[in-house]
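Trainee: This is the content of start-v9.txt (compact mmCIF, C-alpha atoms):
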```
# COMPACT_ATOMS: atom_id res chain seq x y z
CA MET A 23 82.27 90.01 82.18
CA SER A 24 82.01 88.55 85.69
CA ASP A 25 78.92 86.54 86.63
CA LEU A 26 77.96 89.18 89.22
CA LEU A 27 78.19 91.98 86.67
CA ALA A 28 76.31 89.96 84.05
CA ALA A 29 73.53 89.16 86.55
CA ARG A 30 73.24 92.81 87.54
CA PHE A 31 73.16 93.95 83.91
CA GLN A 32 70.52 91.38 83.02
CA MET A 33 68.34 92.36 85.98
CA ALA A 34 68.83 96.07 85.24
CA MET A 35 67.93 95.62 81.59
CA SER A 36 64.85 93.56 82.46
CA LEU A 37 63.68 96.11 85.03
CA ALA A 38 64.33 99.05 82.70
CA PHE A 39 62.20 97.38 80.03
CA HIS A 40 59.41 96.20 82.32
CA ILE A 41 59.02 99.42 84.26
CA LEU A 42 57.88 101.28 81.15
CA PHE A 43 54.96 98.87 80.74
CA ALA A 44 54.24 98.93 84.46
CA VAL A 45 53.87 102.72 84.64
CA VAL A 46 51.78 102.91 81.46
CA GLY A 47 49.65 100.09 82.85
CA ILE A 48 48.93 102.35 85.82
CA GLY A 49 48.28 105.54 83.88
CA MET A 50 46.57 104.44 80.66
CA PRO A 51 43.46 102.85 82.24
CA LEU A 52 42.71 106.12 84.01
CA LEU A 53 42.80 107.90 80.65
CA MET A 54 40.43 105.43 79.00
CA VAL A 55 37.99 105.67 81.93
CA ALA A 56 38.11 109.48 81.82
CA ALA A 57 37.37 109.39 78.08
CA GLU A 58 34.45 106.97 78.50
CA ARG A 59 32.98 108.96 81.37
CA ARG A 60 33.06 112.08 79.22
CA TRP A 61 31.39 110.17 76.39
CA LEU A 62 28.59 109.08 78.72
CA GLN A 63 28.12 112.72 79.73
CA THR A 64 28.32 114.34 76.29
CA GLY A 65 27.60 111.59 73.76
CA ASP A 66 30.51 112.88 71.69
CA PRO A 67 31.87 110.07 69.44
CA ILE A 68 35.40 111.43 69.85
CA ASP A 69 35.38 110.40 73.50
CA ARG A 70 34.15 106.90 72.69
CA GLU A 71 36.84 106.49 70.04
CA LEU A 72 39.49 107.68 72.49
CA ALA A 73 38.31 105.25 75.17
CA GLN A 74 38.36 102.33 72.72
CA ARG A 75 41.77 103.19 71.30
CA TRP A 76 43.31 103.69 74.74
CA ALA A 77 41.75 100.40 75.85
CA ARG A 78 43.46 98.63 72.93
CA GLY A 79 46.72 100.31 73.88
CA THR A 80 46.24 99.18 77.49
CA ALA A 81 45.68 95.60 76.30
CA ILE A 82 48.84 95.60 74.15
CA LEU A 83 50.98 97.00 76.95
CA PHE A 84 49.35 94.72 79.51
CA ALA A 85 50.18 91.64 77.44
CA VAL A 86 53.83 92.56 76.92
CA GLY A 87 54.14 93.73 80.53
CA ALA A 88 52.83 90.35 81.67
CA VAL A 89 55.55 88.63 79.64
CA SER A 90 58.36 90.86 80.93
CA GLY A 91 57.01 90.64 84.49
CA THR A 92 57.00 86.84 84.30
CA VAL A 93 60.60 86.93 83.11
CA LEU A 94 61.49 89.09 86.10
CA SER A 95 59.88 86.68 88.54
CA PHE A 96 61.95 83.82 87.11
CA GLU A 97 65.10 85.96 87.16
CA LEU A 98 64.68 86.66 90.84
CA GLY A 99 64.87 82.96 91.54
CA LEU A 100 67.48 82.06 88.94
CA LEU A 101 69.88 84.99 89.33
CA TRP A 102 69.44 85.78 93.02
CA PRO A 103 68.58 82.50 94.80
CA TRP A 104 70.09 83.48 98.15
CA PHE A 105 68.11 86.71 98.15
CA MET A 106 64.90 84.79 97.57
CA GLU A 107 65.79 82.26 100.26
CA PHE A 108 66.33 85.07 102.76
CA ALA A 109 63.62 87.51 101.71
CA GLY A 110 60.92 85.27 100.28
CA PRO A 111 59.19 84.40 103.58
CA ILE A 112 59.27 88.07 104.60
CA ILE A 113 58.08 89.85 101.46
CA GLY A 114 56.13 87.02 99.89
CA MET A 115 52.88 88.70 100.97
CA PRO A 116 53.16 91.87 98.81
CA PHE A 117 54.20 89.74 95.83
CA SER A 118 51.18 87.47 96.37
CA LEU A 119 48.86 90.46 96.69
CA GLU A 120 50.39 91.93 93.53
CA GLY A 121 49.49 88.72 91.73
CA PHE A 122 45.91 88.96 93.01
CA ALA A 123 45.67 92.58 91.78
CA PHE A 124 47.20 91.58 88.44
CA PHE A 125 44.60 88.86 87.82
CA THR A 126 41.83 91.20 88.89
CA GLU A 127 43.07 93.72 86.35
CA ALA A 128 43.18 91.03 83.66
CA ILE A 129 39.61 89.89 84.35
CA PHE A 130 38.09 93.35 84.23
CA LEU A 131 40.22 94.40 81.26
CA GLY A 132 38.66 91.48 79.36
CA ILE A 133 35.19 92.61 80.43
CA TYR A 134 36.01 96.15 79.36
CA LEU A 135 37.40 95.18 75.96
CA TYR A 136 34.54 92.84 75.02
CA GLY A 137 31.75 94.46 76.96
CA TRP A 138 31.07 97.40 74.68
CA ASP A 139 27.32 97.38 73.89
CA ARG A 140 27.00 94.02 75.70
CA ILE A 141 26.67 95.23 79.29
CA SER A 142 25.13 98.41 80.63
CA PRO A 143 27.16 101.61 80.16
CA ARG A 144 27.45 102.07 83.92
CA ALA A 145 28.71 98.50 84.46
CA HIS A 146 31.16 98.96 81.62
CA LEU A 147 32.50 102.16 83.15
CA TYR A 148 32.83 100.44 86.55
CA ALA A 149 34.79 97.64 84.90
CA GLY A 150 37.20 100.21 83.50
CA GLY A 151 37.47 101.83 86.91
CA LEU A 152 38.42 98.48 88.45
CA VAL A 153 41.08 98.03 85.76
CA ALA A 154 42.54 101.42 86.70
CA LEU A 155 42.32 100.73 90.44
CA SER A 156 43.79 97.22 90.33
CA GLY A 157 46.60 98.37 88.02
CA MET A 158 47.56 101.07 90.48
CA ILE A 159 47.35 98.68 93.46
CA SER A 160 49.47 96.12 91.63
CA GLY A 161 52.23 98.70 91.24
CA VAL A 162 51.94 99.72 94.88
CA PHE A 163 52.56 96.17 96.13
CA VAL A 164 55.65 95.75 93.96
CA VAL A 165 57.09 99.05 95.16
CA ILE A 166 56.39 98.07 98.78
CA ALA A 167 58.62 95.01 98.26
CA ASN A 168 61.36 97.21 96.82
CA ALA A 169 60.97 99.69 99.68
CA TRP A 170 61.57 96.82 102.09
CA MET A 171 64.90 96.12 100.36
CA ASN A 172 65.87 99.72 101.15
CA THR A 173 64.57 99.78 104.74
CA PRO A 174 64.20 96.15 105.87
CA THR A 175 61.88 95.57 108.84
CA GLY A 176 59.55 92.84 110.11
CA PHE A 177 62.09 90.28 111.30
CA ASP A 178 64.92 89.69 113.73
CA LEU A 179 68.36 88.63 112.58
CA VAL A 180 69.45 85.54 114.54
CA ALA A 181 72.78 83.92 113.63
CA GLY A 182 72.60 85.58 110.23
CA ARG A 183 69.13 84.22 109.47
CA PRO A 184 65.72 85.95 109.64
CA ALA A 185 63.57 84.95 112.61
CA HIS A 186 60.31 86.10 114.24
CA LEU A 187 58.89 87.12 110.87
CA GLN A 188 56.18 89.80 110.72
CA PRO A 189 55.05 90.19 107.08
CA LEU A 190 52.66 93.06 107.84
CA ALA A 191 55.42 94.98 109.62
CA ALA A 192 57.66 94.33 106.63
CA MET A 193 55.04 95.81 104.31
CA ALA A 194 54.77 98.85 106.59
CA ASN A 195 58.50 99.53 106.34
CA PRO A 196 59.69 103.16 106.71
CA ALA A 197 60.16 103.73 102.95
CA ALA A 198 56.87 102.18 101.80
CA LEU A 199 54.66 105.28 101.85
CA GLN A 200 57.22 107.61 100.28
CA GLN A 201 58.23 105.22 97.52
CA THR A 202 54.71 104.14 96.57
CA LEU A 203 53.49 107.74 96.48
CA HIS A 204 56.47 108.88 94.43
CA MET A 205 56.16 106.02 91.95
CA THR A 206 52.39 106.28 91.52
CA LEU A 207 52.57 110.01 90.83
CA ALA A 208 55.44 109.38 88.42
CA ALA A 209 53.33 106.84 86.53
CA TYR A 210 50.41 109.23 86.09
CA ALA A 211 52.68 112.17 85.21
CA ALA A 212 54.74 110.21 82.69
CA THR A 213 51.77 108.56 80.99
CA GLY A 214 49.53 111.62 80.92
CA LEU A 215 52.19 113.96 79.60
CA ALA A 216 53.40 111.37 77.08
CA VAL A 217 49.88 111.10 75.65
CA ALA A 218 49.55 114.89 75.71
CA GLY A 219 52.94 115.22 74.01
CA ILE A 220 52.03 112.86 71.17
CA HIS A 221 48.79 114.67 70.43
CA ALA A 222 50.37 118.12 70.86
CA LEU A 223 52.84 117.17 68.14
CA LEU A 224 50.04 115.92 65.89
CA LEU A 225 47.96 119.01 66.64
CA LEU A 226 50.81 121.22 65.45
CA ARG A 227 50.45 119.52 62.08
CA ASP A 228 46.65 119.42 62.04
CA PRO A 229 45.21 122.23 64.22
CA LEU A 230 41.58 121.51 63.26
CA ASN A 231 41.62 117.89 64.41
CA GLY A 232 39.16 117.57 67.29
CA PHE A 233 40.45 114.09 68.14
CA HIS A 234 43.91 115.44 68.98
CA ARG A 235 42.50 118.39 70.90
CA ARG A 236 40.40 116.13 73.10
CA ALA A 237 43.24 113.65 73.68
CA LEU A 238 45.60 116.50 74.57
CA THR A 239 43.15 117.90 77.09
CA LEU A 240 42.57 114.57 78.82
CA GLY A 241 46.30 113.79 78.85
CA LEU A 242 46.99 117.11 80.55
CA LEU A 243 44.21 116.60 83.09
CA VAL A 244 45.75 113.27 84.15
CA GLY A 245 49.46 114.08 83.86
CA ALA A 246 49.77 117.72 84.86
CA PRO A 247 48.43 117.53 88.46
CA ALA A 248 50.67 114.52 89.14
CA ALA A 249 53.69 116.35 87.75
CA LEU A 250 52.97 119.33 90.00
CA LEU A 251 52.59 117.12 93.09
CA GLN A 252 55.75 115.15 92.34
CA PRO A 253 58.19 117.69 93.86
CA LEU A 254 56.29 117.46 97.17
CA SER A 255 56.59 113.69 97.04
CA GLY A 256 60.30 114.09 96.27
CA ASP A 257 60.67 116.19 99.41
CA LEU A 258 59.22 113.35 101.51
CA SER A 259 61.55 110.87 99.83
CA ALA A 260 64.63 113.02 100.45
CA ARG A 261 63.84 113.29 104.16
CA ASN A 262 63.34 109.52 104.31
CA LEU A 263 66.72 108.97 102.63
CA ALA A 264 68.42 111.32 105.08
CA GLU A 265 67.11 109.25 107.99
CA TYR A 266 67.32 105.68 106.70
CA GLN A 267 69.75 105.70 103.73
CA PRO A 268 72.16 108.59 104.30
CA THR A 269 74.83 107.01 102.06
CA LYS A 270 72.44 106.96 99.10
CA LEU A 271 71.55 110.62 99.66
CA ALA A 272 75.21 111.55 100.01
CA ALA A 273 76.01 109.76 96.74
CA ALA A 274 73.07 111.41 94.98
CA GLU A 275 74.29 114.84 96.06
CA ALA A 276 78.00 113.90 95.83
CA LEU A 277 78.47 115.09 99.42
CA PHE A 278 81.85 113.71 100.44
CA GLU A 279 82.11 115.35 103.88
CA THR A 280 79.58 115.49 106.69
CA ARG A 281 78.69 119.09 107.31
CA ALA A 282 76.17 121.52 108.69
CA GLU A 283 74.54 124.06 106.37
CA ALA A 284 75.09 121.59 103.52
CA PRO A 285 74.59 123.07 100.05
CA LEU A 286 72.44 121.58 97.32
CA THR A 287 74.63 120.50 94.41
CA ILE A 288 73.37 121.15 90.88
CA GLY A 289 75.23 119.42 88.07
CA GLY A 290 78.95 118.75 88.25
CA TRP A 291 80.97 115.56 88.15
CA PRO A 292 82.20 113.80 91.31
CA ASP A 293 85.99 113.47 91.52
CA LEU A 294 86.48 110.50 93.85
CA ALA A 295 90.24 110.99 94.16
CA ALA A 296 89.94 114.64 95.15
CA ARG A 297 86.74 114.11 97.17
CA ARG A 298 85.01 117.02 95.48
CA THR A 299 82.44 117.69 92.77
CA ARG A 300 83.87 119.61 89.87
CA PHE A 301 81.94 122.14 87.77
CA ALA A 302 78.94 122.07 90.14
CA ILE A 303 76.64 124.91 91.16
CA GLU A 304 76.01 124.98 94.90
CA VAL A 305 72.86 126.38 96.47
CA PRO A 306 73.77 127.43 100.05
CA TYR A 307 71.88 125.56 102.80
CA GLY A 308 69.86 123.75 100.12
CA LEU A 309 70.58 120.15 101.10
CA SER A 310 70.10 120.80 104.81
CA LEU A 311 66.73 122.32 104.02
CA LEU A 312 65.79 119.46 101.70
CA ALA A 313 66.87 116.68 104.05
CA HIS A 314 65.85 118.13 107.43
CA HIS A 315 63.86 121.33 106.77
CA ASP A 316 66.52 123.13 108.77
CA PRO A 317 69.19 125.28 107.07
CA GLN A 318 71.59 124.62 109.96
CA ALA A 319 71.11 120.84 110.05
CA VAL A 320 74.02 118.43 109.74
CA VAL A 321 73.85 116.14 106.69
CA ALA A 322 75.85 112.91 106.70
CA GLY A 323 78.42 112.65 103.93
CA LEU A 324 80.14 109.71 102.31
CA ASP A 325 82.91 109.98 104.92
CA GLN A 326 80.51 108.29 107.39
CA THR A 327 80.56 105.09 105.29
CA PRO A 328 83.58 102.87 104.54
CA GLU A 329 84.59 103.42 100.92
CA ALA A 330 84.10 99.70 100.22
CA ASP A 331 80.40 100.27 100.92
CA TRP A 332 79.99 103.26 98.62
CA PRO A 333 77.74 102.91 95.60
CA ASN A 334 78.91 104.11 92.19
CA VAL A 335 78.86 107.80 93.12
CA PRO A 336 79.15 109.31 89.60
CA VAL A 337 76.32 107.14 88.27
CA VAL A 338 74.02 107.84 91.23
CA HIS A 339 74.75 111.57 91.15
CA LEU A 340 74.17 111.84 87.40
CA ALA A 341 70.93 109.84 87.57
CA PHE A 342 69.69 111.96 90.46
CA GLN A 343 70.43 115.18 88.57
CA VAL A 344 68.61 113.87 85.50
CA MET A 345 65.58 112.83 87.55
CA VAL A 346 65.29 116.14 89.40
CA GLY A 347 66.00 118.24 86.32
CA LEU A 348 63.45 116.48 84.13
CA GLY A 349 60.88 116.42 86.92
CA THR A 350 61.26 120.18 87.34
CA ALA A 351 60.86 120.74 83.59
CA MET A 352 57.73 118.58 83.56
CA ALA A 353 56.24 120.52 86.48
CA LEU A 354 56.81 123.83 84.69
CA VAL A 355 55.20 122.60 81.47
CA ALA A 356 52.34 121.09 83.49
CA ALA A 357 51.70 124.41 85.24
CA TRP A 358 51.67 126.17 81.86
CA GLY A 359 49.24 123.65 80.42
CA LEU A 360 46.86 123.80 83.39
CA TRP A 361 46.93 127.59 83.26
CA ALA A 362 45.90 127.44 79.60
CA LEU A 363 43.04 125.07 80.42
CA ALA A 364 41.92 127.09 83.45
CA THR A 365 41.83 130.31 81.44
CA ARG A 366 39.96 128.51 78.63
CA ARG A 367 42.64 129.16 76.06
CA ASN A 368 42.33 127.52 72.66
CA LEU A 369 45.13 124.95 72.90
CA ALA A 370 45.38 124.59 69.13
CA GLU A 371 46.42 128.24 68.89
CA GLN A 372 49.04 128.04 71.66
CA ARG A 373 51.88 126.99 69.36
CA TRP A 374 54.70 127.46 71.87
CA LEU A 375 52.77 125.58 74.53
CA LEU A 376 52.17 122.72 72.11
CA ARG A 377 55.88 122.60 71.34
CA ALA A 378 56.72 122.55 75.04
CA ILE A 379 54.23 119.75 75.74
CA ALA A 380 55.55 117.74 72.78
CA ALA A 381 59.13 118.17 74.05
CA ALA A 382 58.07 117.14 77.57
CA GLY A 383 56.31 114.01 76.31
CA PRO A 384 59.18 111.51 76.75
CA LEU A 385 60.75 113.19 79.79
CA GLY A 386 58.65 111.30 82.34
CA PHE A 387 59.90 107.91 81.20
CA VAL A 388 63.52 109.06 81.18
CA ALA A 389 63.04 110.49 84.68
CA ILE A 390 61.55 107.19 85.90
CA GLU A 391 64.50 105.22 84.54
CA ALA A 392 66.86 107.69 86.22
CA GLY A 393 64.94 107.48 89.48
CA TRP A 394 65.13 103.69 89.56
CA THR A 395 68.85 103.95 88.87
CA VAL A 396 69.17 106.10 91.99
CA THR A 397 67.07 103.63 93.98
CA GLU A 398 68.89 100.48 92.90
CA VAL A 399 72.48 101.60 92.22
CA GLY A 400 72.36 103.90 95.24
CA ARG A 401 71.71 100.90 97.51
CA GLN A 402 74.80 99.00 96.34
CA PRO A 403 76.72 97.01 97.42
CA TRP A 404 73.63 95.78 99.30
CA ILE A 405 70.72 93.88 97.79
CA ILE A 406 69.02 94.21 101.21
CA GLN A 407 70.29 97.37 102.84
CA GLY A 408 72.79 96.57 105.60
CA ILE A 409 71.77 92.89 105.68
CA LEU A 410 72.74 90.99 102.51
CA ARG A 411 75.35 92.01 99.94
CA THR A 412 74.58 91.70 96.26
CA SER A 413 77.74 89.65 95.74
CA ASP A 414 76.51 87.12 98.32
CA ALA A 415 73.08 86.77 96.72
CA VAL A 416 74.07 86.06 93.10
CA THR A 417 73.70 82.64 91.50
CA PRO A 418 76.76 80.43 90.96
CA MET A 419 75.38 79.46 87.52
CA PRO A 420 77.99 80.15 84.78
CA GLY A 421 77.38 81.58 81.31
CA LEU A 422 75.30 84.58 82.34
CA THR A 423 76.89 86.75 79.65
CA TRP A 424 75.13 84.71 76.96
CA THR A 425 71.75 84.85 78.69
CA PHE A 426 72.17 88.62 79.06
CA ALA A 427 72.77 88.94 75.32
CA GLY A 428 69.78 86.70 74.54
CA PHE A 429 67.36 88.60 76.74
CA THR A 430 68.59 91.91 75.35
CA ALA A 431 67.78 90.74 71.82
CA LEU A 432 64.35 89.51 72.99
CA TYR A 433 63.49 92.84 74.60
CA LEU A 434 64.61 94.78 71.54
CA PHE A 435 62.33 92.65 69.38
CA LEU A 436 59.38 93.05 71.76
CA GLY A 437 59.99 96.79 71.90
CA LEU A 438 59.81 97.11 68.11
CA VAL A 439 56.63 95.02 67.97
CA VAL A 440 54.97 97.12 70.66
CA ALA A 441 55.99 100.39 68.98
CA TRP A 442 54.42 99.26 65.71
CA LEU A 443 51.22 98.01 67.34
CA LEU A 444 50.78 101.22 69.32
CA TYR A 445 51.31 103.31 66.22
CA ALA A 446 48.84 101.27 64.20
CA GLN A 447 46.16 100.85 66.89
CA VAL A 448 46.41 103.89 69.14
CA ILE A 449 48.50 106.81 67.93
CA ARG A 450 47.47 107.04 64.27
CA SER A 451 44.47 109.35 64.32
CA PRO A 452 41.09 108.50 62.83
CA ARG A 453 40.15 110.18 59.57
CA HIS A 454 36.52 111.00 60.24
CA THR A 455 36.10 114.37 58.59
CA ASP A 456 33.14 115.20 60.79
CA TRP A 457 35.59 115.25 63.72
CA HIS A 458 37.46 118.22 62.30
CA ARG A 459 35.75 121.03 64.06
CA LEU A 460 36.02 124.75 64.31
CA TYR A 461 38.01 126.15 67.22
CA HIS A 462 36.20 126.83 70.45
CA PRO A 463 37.52 128.48 73.60
CA THR A 464 38.13 125.39 75.71
CA GLY A 465 40.35 123.74 73.11
CA GLY A 466 38.73 120.39 73.96
```
Would you encode the structure as structure tokens?

Mentor:
Amino acid sequence: MSDLLAARFQMAMSLAFHILFAVVGIGMPLLMVAAERRWLQTGDPIDRELAQRWARGTAILFAVGAVSGTVLSFELGLLWPWFMEFAGPIIGMPFSLEGFAFFTEAIFLGIYLYGWDRISPRAHLYAGGLVALSGMISGVFVVIANAWMNTPTGFDLVAGRPAHLQPLAAMANPAALQQTLHMTLAAYAATGLAVAGIHALLLLRDPLNGFHRRALTLGLLVGAPAALLQPLSGDLSARNLAEYQPTKLAAAEALFETRAEAPLTIGGWPDLAARRTRFAIEVPYGLSLLAHHDPQAVVAGLDQTPEADWPNVPVVHLAFQVMVGLGTAMALVAAWGLWALATRRNLAEQRWLLRAIAAAGPLGFVAIEAGWTVTEVGRQPWIIQGILRTSDAVTPMPGLTWTFAGFTALYLFLGLVVAWLLYAQVIRSPRHTDWHRLYHPTGG
């Protein structure tokens, strides 16, 4: 394995592992705050138990996410030193602000965990709200830095070096709003529906368990609206790609030739030799509508980019199809779940809905991994779009294959530990028999 390939694999594996903790760190605090707020309103011990269990889950995931995030920060310097030399002065500000948000989250998470019955209920709830807010802001700053890599602004290129740096302009790059919105919604949708999916599965086995009914309801209330809004966010992202990263969009849709009235490609496998996508379903005018809101619009194809600058088209296309397909499935299940809540259906009796929610539980995380594959692989061969090639940014340090293997083993071990802790501390339901209640119309 070449050093470049090993470095890319190691970074990809680290990001794929860390992103799961990052998105849950955004979504889970909102769930615990929602549960505590309901407890303060109703006095129901189920809500207090949910808030405490979800807080423990947040703490576990926060701790492991801090470890994997620290590893990533070291990897940026060790694996990609020339990238950091070029980009550090420009995008150092969002990384610094992310660190500030991270420490704020840590402080108030400690207050939340140890403040039960020690501070006033209102102060405790506000502490949880600050955990949720700072976790979301932390993710936003990281995504802003990634958006800059896709649409670099805030500097002038003089003799191949950045000059006249404007960090605020770099943070306000053209992809920042679309990417942060898309990622934040994805975090809430994935986390909320994952929690709903776990408790839907458990409710199928134990329909009288009020703990699972309440957790399912709160998971849907957090995840379902985000899943329904996500397609609108995807529309904004597609239009941004069409304007600023047309090669990435062309690879995602496997559009080899520039054309007007471009169709939307569903499925299929790109044949690079034949310059066509085999076995695909084409929706007439679909891509022109998606990219420009005009069925007659011209969409740039891969023929506008030298083939040496193409990303891995089959990988990008497959990842894009997975992301869109799973996002659509999640939106449909979310709409079904919200309809059941709005019409005050008894969720424990909606067996097919429970099965659908359980099946949709892991889809958000798979869609997020696929979406980041589109974002990162679709930008290749550039680490900074149009400015710095990935091959020019990699470290000259040898032996990266062994470090890749070592970090893979470490992440597998951490993943098993986290799975066990979450099962023991969060997922396994309490056995208070007074929480097994008769059905009531709201299902919550």

Trainee: Just want the 7 Å neighbourhood of Ala57 of chain A, counted on only C-alpha atoms, with same-chain residues fewer than 2 positions away dropped. Output as a ChimeraX atom specification.

Mentor: /A:53-55,59-61,69-70,72-73

Trainee: Would you put the residues from that selection into a file with C-alpha atoms, as a PDB file, keeping the file's coordinate frame?

Mentor:
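Dumped everything to part-v1.pdb:
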```pdb
ATOM      1  CA  LEU A  53      42.800 107.900  80.650  1.00  0.00           C
ATOM      2  CA  MET A  54      40.430 105.430  79.000  1.00  0.00           C
ATOM      3  CA  VAL A  55      37.990 105.670  81.930  1.00  0.00           C
ATOM      4  CA  ARG A  59      32.980 108.960  81.370  1.00  0.00           C
ATOM      5  CA  ARG A  60      33.060 112.080  79.220  1.00  0.00           C
ATOM      6  CA  TRP A  61      31.390 110.170  76.390  1.00  0.00           C
ATOM      7  CA  ASP A  69      35.380 110.400  73.500  1.00  0.00           C
ATOM      8  CA  ARG A  70      34.150 106.900  72.690  1.00  0.00           C
ATOM      9  CA  LEU A  72      39.490 107.680  72.490  1.00  0.00           C
ATOM     10  CA  ALA A  73      38.310 105.250  75.170  1.00  0.00           C
TER      11      ALA A  73
END
```

Trainee: Considering only C-alpha atoms, return as a list in words whatever protein or nucleic-acid residues lie within 9 Å of Arg236 of chain A, sequence-local ones (same chain, fewer than 2 positions apart) excluded.

Mentor: Ala57, Ile68, Asp69, Leu72, His221, Asn231, Gly232, Phe233, His234, Leu238, Thr239, Leu240, Gly241, Gly465 and Gly466 of chain A

Trainee: For Pro51 of chain A, list every protein, DNA or RNA residue within 7 Å, evaluated using only C-alpha atoms, and leave out those in the same chain fewer than 3 positions away; present the list as a list in words.

Mentor: Gly47, Ile48, Met54, Val55, Thr80, Gly150, Val153 and Ala154 of chain A

Trainee: I need the residue nearest Thr395 of chain A from this list: A:Leu340, A:Ala77, A:Leu312, A:Ala209. Use all atoms listed in the file for the distance.

Mentor: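 Going through A:Leu340, A:Ala77, A:Leu312, A:Ala209 one by one, the smallest distance to Thr395 of chain A is for A:Leu340.
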
Trainee: Could you please determine the separation between atom CA of Phe39 of chain A and atom CA of Leu271 of chain A in Å, to one decimal place?

Mentor: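 So the two atoms, atom CA of Phe39 of chain A and atom CA of Leu271 of chain A, lie 25.5 Å apart.
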